[in-house]
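Working notes, structure below.
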Amino acid sequence: MNHGTDHIVEVDSLVKTYGETRACDGVGLTVTAGELVALVGPSGSGKSTLLRHLNGLARPDSGTVRVLGVDVATARGRALRALRRRVGMVFQQFNLIGRLTVLENVLTGALGRDPLPRYGIVTWPKADRTAAIEHLDRIGLADRAYQRADSLSGGQQQRVAIARMLMQRPELVLADEPVASLDPESAAQVMDLLFRICLEDRLTVVCSLHQIDLALAWTRRVVGLRDGRVVLDQPTGALDRERLRQVYVPAAPVAVGAGA
Ligand SMILES: Nc1ncnc2c1ncn2[C@@H]1O[C@H](COP(=O)(O)OP(=O)(O)OP(=O)(O)O)[C@@H](O)[C@H]1O
């Protein structure tokens, strides 16, 4: 666990450079248990790079990254794999296996805990099957359990991908533009789901978003990035559209420090 603190994410002075580009330029971010934090900012501002550091997919040039009490920057091998099992990922592309049923796709989320090969639903432990059905019920798709995954809409597939991620029993969820390819109604459903798992399961969620309105409607804290720097960090209740829009304006004034 995270050694007695409820800081799930602790990033300090993170610098990551790709050639001439400073993707992260001294980023600091602390996220406490149960928070739902939106990362917003223009394309190329460093949102994905920051998220990739939180599960060890990227290594900092300098600075510290601690997640669930683990020093991600130095973790290797077994320690890194153990951390990744505790961190659920949601991507813009849902990456379901289209020819498998919805239920089988959800069950594959348990493979990190129990990596035996499985051939068909009945070979999964009953407890996993029950949990998978419960997750499907929660996302409103239990009646689609035995349909092929590729027969679902994009929004439904993303909800299935989230159910699969929940099978992993994560302690932290990182969502990299989870609604970028969805229509507005499906996007709201996915944000509602992330909101509910945060509230009901006390899961911590860090989510990059391009849509200001979704950040305002569904998250509790917004962190704005521009040119690899944090230029805004505030509770969502203290923000409005105009304030958030400033994150997208080059050289607009910053508003860091009054955050959660
Ligand atoms: N692996 C890489 N190699 C080279 N440059 C990279 C790499 N990853 C990121 N960058 C650069 O770092 C900067 C930040 O990229 P990043 O993807 O983190 O931004 P972003 O805010 O997530 O953008 P978007 O909203 O478009 O996804 C960009 O200039 C990008 O081109």
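The way I read the labels, and the way they are meant: chains A, B, ... in the order of the structure tokens, residue 1 as the first residue of every chain, and ligand 1 as the first ligand shown, with later ones counted on from there.
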Write out as a PDB file with C-alpha atoms, in the first residue's frame the set of residues from region 156-237 of chain A that DSSP, computed on the backbone, places in strand (DSSP E or B).
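For reference, part28.pdb as written:
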```pdb
ATOM      1  CA  LEU A 172      -5.725   3.877  -9.366  1.00  0.00           C
ATOM      2  CA  VAL A 173      -7.293   4.429 -12.797  1.00  0.00           C
ATOM      3  CA  LEU A 174      -5.478   6.324 -15.548  1.00  0.00           C
ATOM      4  CA  ALA A 175      -7.700   7.270 -18.466  1.00  0.00           C
ATOM      5  CA  ASP A 176      -6.000   8.776 -21.524  1.00  0.00           C
ATOM      6  CA  THR A 204      -8.750   7.411  -7.653  1.00  0.00           C
ATOM      7  CA  VAL A 205      -9.075   8.496 -11.284  1.00  0.00           C
ATOM      8  CA  VAL A 206      -6.747  10.685 -13.347  1.00  0.00           C
ATOM      9  CA  CYS A 207      -8.221  11.373 -16.753  1.00  0.00           C
ATOM     10  CA  SER A 208      -6.976  13.435 -19.688  1.00  0.00           C
ATOM     11  CA  ARG A 221     -10.406  18.993  -9.821  1.00  0.00           C
ATOM     12  CA  VAL A 222      -8.856  20.270 -13.007  1.00  0.00           C
ATOM     13  CA  VAL A 223      -5.152  20.416 -13.745  1.00  0.00           C
ATOM     14  CA  GLY A 224      -4.277  22.453 -16.817  1.00  0.00           C
ATOM     15  CA  LEU A 225      -1.082  21.831 -18.738  1.00  0.00           C
ATOM     16  CA  ARG A 226       0.551  24.037 -21.337  1.00  0.00           C
ATOM     17  CA  ARG A 229       3.943  22.941 -17.359  1.00  0.00           C
ATOM     18  CA  VAL A 230       1.079  22.982 -14.886  1.00  0.00           C
ATOM     19  CA  VAL A 231      -0.655  26.325 -15.463  1.00  0.00           C
ATOM     20  CA  LEU A 232      -3.839  25.643 -13.498  1.00  0.00           C
ATOM     21  CA  ASP A 233      -4.717  23.401 -10.552  1.00  0.00           C
ATOM     22  CA  GLN A 234      -8.094  24.119  -8.982  1.00  0.00           C
ATOM     23  CA  PRO A 235     -11.206  22.428  -7.618  1.00  0.00           C
TER      24      PRO A 235
END
```
Review point. Excluding same-chain residues fewer than 3 positions from Ala180 (chain A), what lies within 10 Å of it counting only C-alpha atoms, as JSON, numbers by chain?
Key: {"A": [91, 92, 93, 176, 177, 183, 184, 187, 208, 209, 210, 211]}
Point to revise | Near-ligand residues for ligand 1, threshold 10 Å, only C-alpha atoms and all ligand atoms, as JSON, numbers by chain | key: {"A": [16, 17, 18, 19, 20, 21, 22, 23, 24, 39, 40, 41, 42, 43, 44, 45, 46, 47, 48, 49, 50, 51, 52, 58, 92, 176, 177, 180, 208, 209, 210, 224, 225, 226, 227, 228]}
Pull N, CA and C atoms from the residues just selected and write them as a JSON list (two decimals), in the first residue's frame.
```
[["chain", "number", "residue", "atom", "x", "y", "z"],
["A", 16, "LYS", "N", 10.78, 15.68, -18.70],
["A", 16, "LYS", "CA", 10.97, 14.67, -19.74],
["A", 16, "LYS", "C", 11.15, 15.36, -21.07],
["A", 17, "THR", "N", 12.24, 15.09, -21.72],
["A", 17, "THR", "CA", 12.55, 15.74, -22.98],
["A", 17, "THR", "C", 12.61, 14.72, -24.10],
["A", 18, "TYR", "N", 12.01, 15.06, -25.22],
["A", 18, "TYR", "CA", 12.17, 14.26, -26.44],
["A", 18, "TYR", "C", 12.86, 15.16, -27.46],
["A", 19, "GLY", "N", 14.11, 14.92, -27.73],
["A", 19, "GLY", "CA", 14.85, 15.81, -28.63],
["A", 19, "GLY", "C", 14.82, 17.22, -28.10],
["A", 20, "GLU", "N", 14.28, 18.15, -28.89],
["A", 20, "GLU", "CA", 14.22, 19.55, -28.47],
["A", 20, "GLU", "C", 12.95, 19.85, -27.65],
["A", 21, "THR", "N", 12.05, 18.85, -27.58],
["A", 21, "THR", "CA", 10.74, 19.11, -26.95],
["A", 21, "THR", "C", 10.76, 18.76, -25.48],
["A", 22, "ARG", "N", 10.38, 19.73, -24.64],
["A", 22, "ARG", "CA", 10.21, 19.45, -23.22],
["A", 22, "ARG", "C", 8.76, 19.04, -23.00],
["A", 23, "ALA", "N", 8.49, 17.75, -23.08],
["A", 23, "ALA", "CA", 7.11, 17.27, -22.95],
["A", 23, "ALA", "C", 6.58, 17.51, -21.54],
["A", 24, "CYS", "N", 7.44, 17.33, -20.54],
["A", 24, "CYS", "CA", 7.11, 17.70, -19.16],
["A", 24, "CYS", "C", 8.26, 18.58, -18.67],
["A", 39, "LEU", "N", -7.00, 16.11, -16.49],
["A", 39, "LEU", "CA", -5.86, 16.82, -17.07],
["A", 39, "LEU", "C", -6.36, 17.42, -18.38],
["A", 40, "VAL", "N", -6.27, 18.74, -18.49],
["A", 40, "VAL", "CA", -6.69, 19.38, -19.73],
["A", 40, "VAL", "C", -5.53, 20.19, -20.28],
["A", 41, "GLY", "N", -5.64, 20.57, -21.55],
["A", 41, "GLY", "CA", -4.59, 21.38, -22.15],
["A", 41, "GLY", "C", -4.52, 21.11, -23.64],
["A", 42, "PRO", "N", -3.90, 22.04, -24.37],
["A", 42, "PRO", "CA", -3.84, 21.89, -25.82],
["A", 42, "PRO", "C", -3.09, 20.63, -26.23],
["A", 43, "SER", "N", -3.29, 20.25, -27.47],
["A", 43, "SER", "CA", -2.57, 19.11, -28.02],
["A", 43, "SER", "C", -1.07, 19.36, -27.88],
["A", 44, "GLY", "N", -0.36, 18.35, -27.38],
["A", 44, "GLY", "CA", 1.09, 18.48, -27.21],
["A", 44, "GLY", "C", 1.50, 19.13, -25.90],
["A", 45, "SER", "N", 0.56, 19.37, -24.99],
["A", 45, "SER", "CA", 0.90, 20.06, -23.74],
["A", 45, "SER", "C", 1.51, 19.12, -22.70],
["A", 46, "GLY", "N", 1.47, 17.81, -22.96],
["A", 46, "GLY", "CA", 2.17, 16.88, -22.06],
["A", 46, "GLY", "C", 1.25, 15.97, -21.24],
["A", 47, "LYS", "N", -0.04, 15.96, -21.53],
["A", 47, "LYS", "CA", -0.98, 15.16, -20.73],
["A", 47, "LYS", "C", -0.64, 13.67, -20.80],
["A", 48, "SER", "N", -0.51, 13.16, -22.03],
["A", 48, "SER", "CA", -0.23, 11.72, -22.18],
["A", 48, "SER", "C", 1.14, 11.37, -21.59],
["A", 49, "THR", "N", 2.10, 12.25, -21.79],
["A", 49, "THR", "CA", 3.44, 11.97, -21.26],
["A", 49, "THR", "C", 3.39, 11.86, -19.75],
["A", 50, "LEU", "N", 2.64, 12.77, -19.11],
["A", 50, "LEU", "CA", 2.50, 12.70, -17.65],
["A", 50, "LEU", "C", 1.85, 11.38, -17.25],
["A", 51, "LEU", "N", 0.75, 11.02, -17.93],
["A", 51, "LEU", "CA", 0.07, 9.76, -17.59],
["A", 51, "LEU", "C", 1.00, 8.56, -17.77],
["A", 52, "ARG", "N", 1.80, 8.60, -18.84],
["A", 52, "ARG", "CA", 2.70, 7.47, -19.11],
["A", 52, "ARG", "C", 3.77, 7.32, -18.04],
["A", 58, "ALA", "N", 6.94, 5.62, -19.30],
["A", 58, "ALA", "CA", 7.99, 6.59, -19.64],
["A", 58, "ALA", "C", 8.83, 6.80, -18.38],
["A", 92, "GLN", "N", -8.16, 5.74, -25.38],
["A", 92, "GLN", "CA", -9.12, 6.22, -26.39],
["A", 92, "GLN", "C", -9.64, 5.05, -27.23],
["A", 176, "ASP", "N", -6.62, 7.87, -20.56],
["A", 176, "ASP", "CA", -6.00, 8.78, -21.52],
["A", 176, "ASP", "C", -7.00, 9.06, -22.64],
["A", 177, "GLU", "N", -7.63, 10.21, -22.56],
["A", 177, "GLU", "CA", -8.67, 10.62, -23.53],
["A", 177, "GLU", "C", -9.71, 9.52, -23.76],
["A", 180, "ALA", "N", -12.53, 10.56, -26.37],
["A", 180, "ALA", "CA", -12.17, 11.40, -27.52],
["A", 180, "ALA", "C", -12.84, 10.94, -28.81],
["A", 208, "SER", "N", -7.22, 12.32, -18.78],
["A", 208, "SER", "CA", -6.98, 13.44, -19.69],
["A", 208, "SER", "C", -8.20, 13.63, -20.57],
["A", 209, "LEU", "N", -8.53, 14.89, -20.80],
["A", 209, "LEU", "CA", -9.75, 15.23, -21.55],
["A", 209, "LEU", "C", -9.47, 16.39, -22.48],
["A", 210, "HIS", "N", -10.17, 16.39, -23.61],
["A", 210, "HIS", "CA", -10.09, 17.55, -24.50],
["A", 210, "HIS", "C", -11.31, 18.44, -24.35],
["A", 224, "GLY", "N", -4.51, 22.00, -15.45],
["A", 224, "GLY", "CA", -4.28, 22.45, -16.82],
["A", 224, "GLY", "C", -2.80, 22.43, -17.14],
["A", 225, "LEU", "N", -2.48, 21.87, -18.29],
["A", 225, "LEU", "CA", -1.08, 21.83, -18.74],
["A", 225, "LEU", "C", -0.93, 22.66, -19.99],
["A", 226, "ARG", "N", 0.20, 23.33, -20.10],
["A", 226, "ARG", "CA", 0.55, 24.04, -21.34],
["A", 226, "ARG", "C", 2.06, 23.99, -21.49],
["A", 227, "ASP", "N", 2.52, 23.58, -22.66],
["A", 227, "ASP", "CA", 3.96, 23.48, -22.92],
["A", 227, "ASP", "C", 4.70, 22.70, -21.83],
["A", 228, "GLY", "N", 4.07, 21.62, -21.36],
["A", 228, "GLY", "CA", 4.75, 20.77, -20.39],
["A", 228, "GLY", "C", 4.73, 21.29, -18.97]]
```
Check your understanding: Which residues come within 7 Å of region 75-87 of chain A, counting only C-alpha atoms, excluding same-chain residues fewer than 2 positions away, as a PyMOL selection string?
Key -> chain A and resi 55+71-73+89+112+168+170-173
Exercise for review: Could you pull out the residues in region 15-120 of chain A that DSSP calls alpha helix (DSSP H) from the backbone, as a PyMOL selection string?
Suggested key: chain A and resi 47-54+77-86+102-107
Could you write out the selected residues, including N, CA and C atoms, as a CSV table (one decimal), in the first residue's frame?
```csv
chain,number,residue,atom,x,y,z
A,47,LYS,N,0.0,16.0,-21.5
A,47,LYS,CA,-1.0,15.2,-20.7
A,47,LYS,C,-0.6,13.7,-20.8
A,48,SER,N,-0.5,13.2,-22.0
A,48,SER,CA,-0.2,11.7,-22.2
A,48,SER,C,1.1,11.4,-21.6
A,49,THR,N,2.1,12.3,-21.8
A,49,THR,CA,3.4,12.0,-21.3
A,49,THR,C,3.4,11.9,-19.7
A,50,LEU,N,2.6,12.8,-19.1
A,50,LEU,CA,2.5,12.7,-17.7
A,50,LEU,C,1.8,11.4,-17.2
A,51,LEU,N,0.8,11.0,-17.9
A,51,LEU,CA,0.1,9.8,-17.6
A,51,LEU,C,1.0,8.6,-17.8
A,52,ARG,N,1.8,8.6,-18.8
A,52,ARG,CA,2.7,7.5,-19.1
A,52,ARG,C,3.8,7.3,-18.0
A,53,HIS,N,4.1,8.4,-17.4
A,53,HIS,CA,5.1,8.3,-16.3
A,53,HIS,C,4.4,7.6,-15.0
A,54,LEU,N,3.1,7.7,-14.9
A,54,LEU,CA,2.5,7.2,-13.7
A,54,LEU,C,2.4,5.7,-13.7
A,77,GLY,N,11.3,-4.6,-13.5
A,77,GLY,CA,10.9,-6.0,-13.5
A,77,GLY,C,9.7,-6.3,-12.7
A,78,ARG,N,9.8,-7.1,-11.7
A,78,ARG,CA,8.7,-7.6,-10.9
A,78,ARG,C,8.0,-6.5,-10.2
A,79,ALA,N,8.8,-5.5,-9.6
A,79,ALA,CA,8.2,-4.4,-8.9
A,79,ALA,C,7.3,-3.6,-9.8
A,80,LEU,N,7.7,-3.4,-11.0
A,80,LEU,CA,7.0,-2.6,-12.0
A,80,LEU,C,5.7,-3.3,-12.4
A,81,ARG,N,5.9,-4.6,-12.6
A,81,ARG,CA,4.7,-5.4,-13.0
A,81,ARG,C,3.7,-5.4,-11.9
A,82,ALA,N,4.1,-5.5,-10.7
A,82,ALA,CA,3.2,-5.5,-9.5
A,82,ALA,C,2.5,-4.2,-9.4
A,83,LEU,N,3.2,-3.1,-9.7
A,83,LEU,CA,2.5,-1.8,-9.7
A,83,LEU,C,1.5,-1.7,-10.8
A,84,ARG,N,1.8,-2.2,-11.9
A,84,ARG,CA,0.9,-2.1,-13.1
A,84,ARG,C,-0.4,-2.9,-12.9
A,85,ARG,N,-0.3,-3.9,-12.1
A,85,ARG,CA,-1.5,-4.7,-11.8
A,85,ARG,C,-2.4,-3.8,-10.9
A,86,ARG,N,-1.9,-2.9,-10.2
A,86,ARG,CA,-2.7,-2.0,-9.3
A,86,ARG,C,-3.2,-0.8,-10.0
A,102,VAL,N,-18.7,-10.2,-25.1
A,102,VAL,CA,-18.6,-9.1,-24.2
A,102,VAL,C,-18.1,-9.7,-22.8
A,103,LEU,N,-18.7,-10.8,-22.4
A,103,LEU,CA,-18.4,-11.4,-21.1
A,103,LEU,C,-16.9,-11.9,-21.0
A,104,GLU,N,-16.5,-12.5,-22.1
A,104,GLU,CA,-15.1,-13.0,-22.2
A,104,GLU,C,-14.1,-11.8,-22.2
A,105,ASN,N,-14.5,-10.8,-22.8
A,105,ASN,CA,-13.6,-9.6,-22.8
A,105,ASN,C,-13.5,-9.1,-21.4
A,106,VAL,N,-14.6,-9.0,-20.7
A,106,VAL,CA,-14.5,-8.5,-19.3
A,106,VAL,C,-13.6,-9.4,-18.4
A,107,LEU,N,-13.8,-10.7,-18.6
A,107,LEU,CA,-13.1,-11.7,-17.9
A,107,LEU,C,-11.6,-11.6,-18.1
```
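Atom to atom, CA of Trp124 (chain A) and CA of Pro178 (chain A) stand 28.2 Å apart.
Contact shell of Asp240 (chain A) at 10 Å (only C-alpha atoms; same-chain neighbours under 6 positions omitted): Ile212, Asp213 and Leu216 of chain A.
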Could you save the residues just selected, with C-alpha atoms, as a PDB file, in the first residue's frame?
```
ATOM      1  CA  ILE A 212     -13.791  21.476 -21.190  1.00  0.00           C
ATOM      2  CA  ASP A 213     -17.514  20.937 -20.588  1.00  0.00           C
ATOM      3  CA  LEU A 216     -16.503  20.879 -15.601  1.00  0.00           C
TER       4      LEU A 216
END
```
Exercise for review: Go through A:Thr64, A:Thr219, A:Ser181, A:Asn95 and flag the residue nearest Val160 (chain A), using only C-alpha atoms for the distances.
Suggested key: A:Asn95
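Proximity ranking of A:Gln246, A:Thr108, A:Thr30, A:Gln157 relative to Leu141 (chain A) places A:Gln157 first, based on only C-alpha atoms.
In terms of minimum interatomic distance to Gly98 (chain A), A:Ser153 ranks closest within A:Ser153, A:Thr236, A:Ser186, A:Thr32, counting only C-alpha atoms.
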Review point. What gap, in Å, lies between CA of Glu35 (chain A) and CA of Ser13 (chain A)?
Key: 21.3 Å
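Closest approach to Asp150 (chain A) among A:Leu111, A:Leu96, A:Leu203, A:Leu182 is made by A:Leu96 (distances from only C-alpha atoms).
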Point to revise | Counting only C-alpha atoms, the residue of A:Val9, A:Arg99, A:Gly88, A:Ala131 that sits nearest Ala33 (chain A) | key: A:Val9
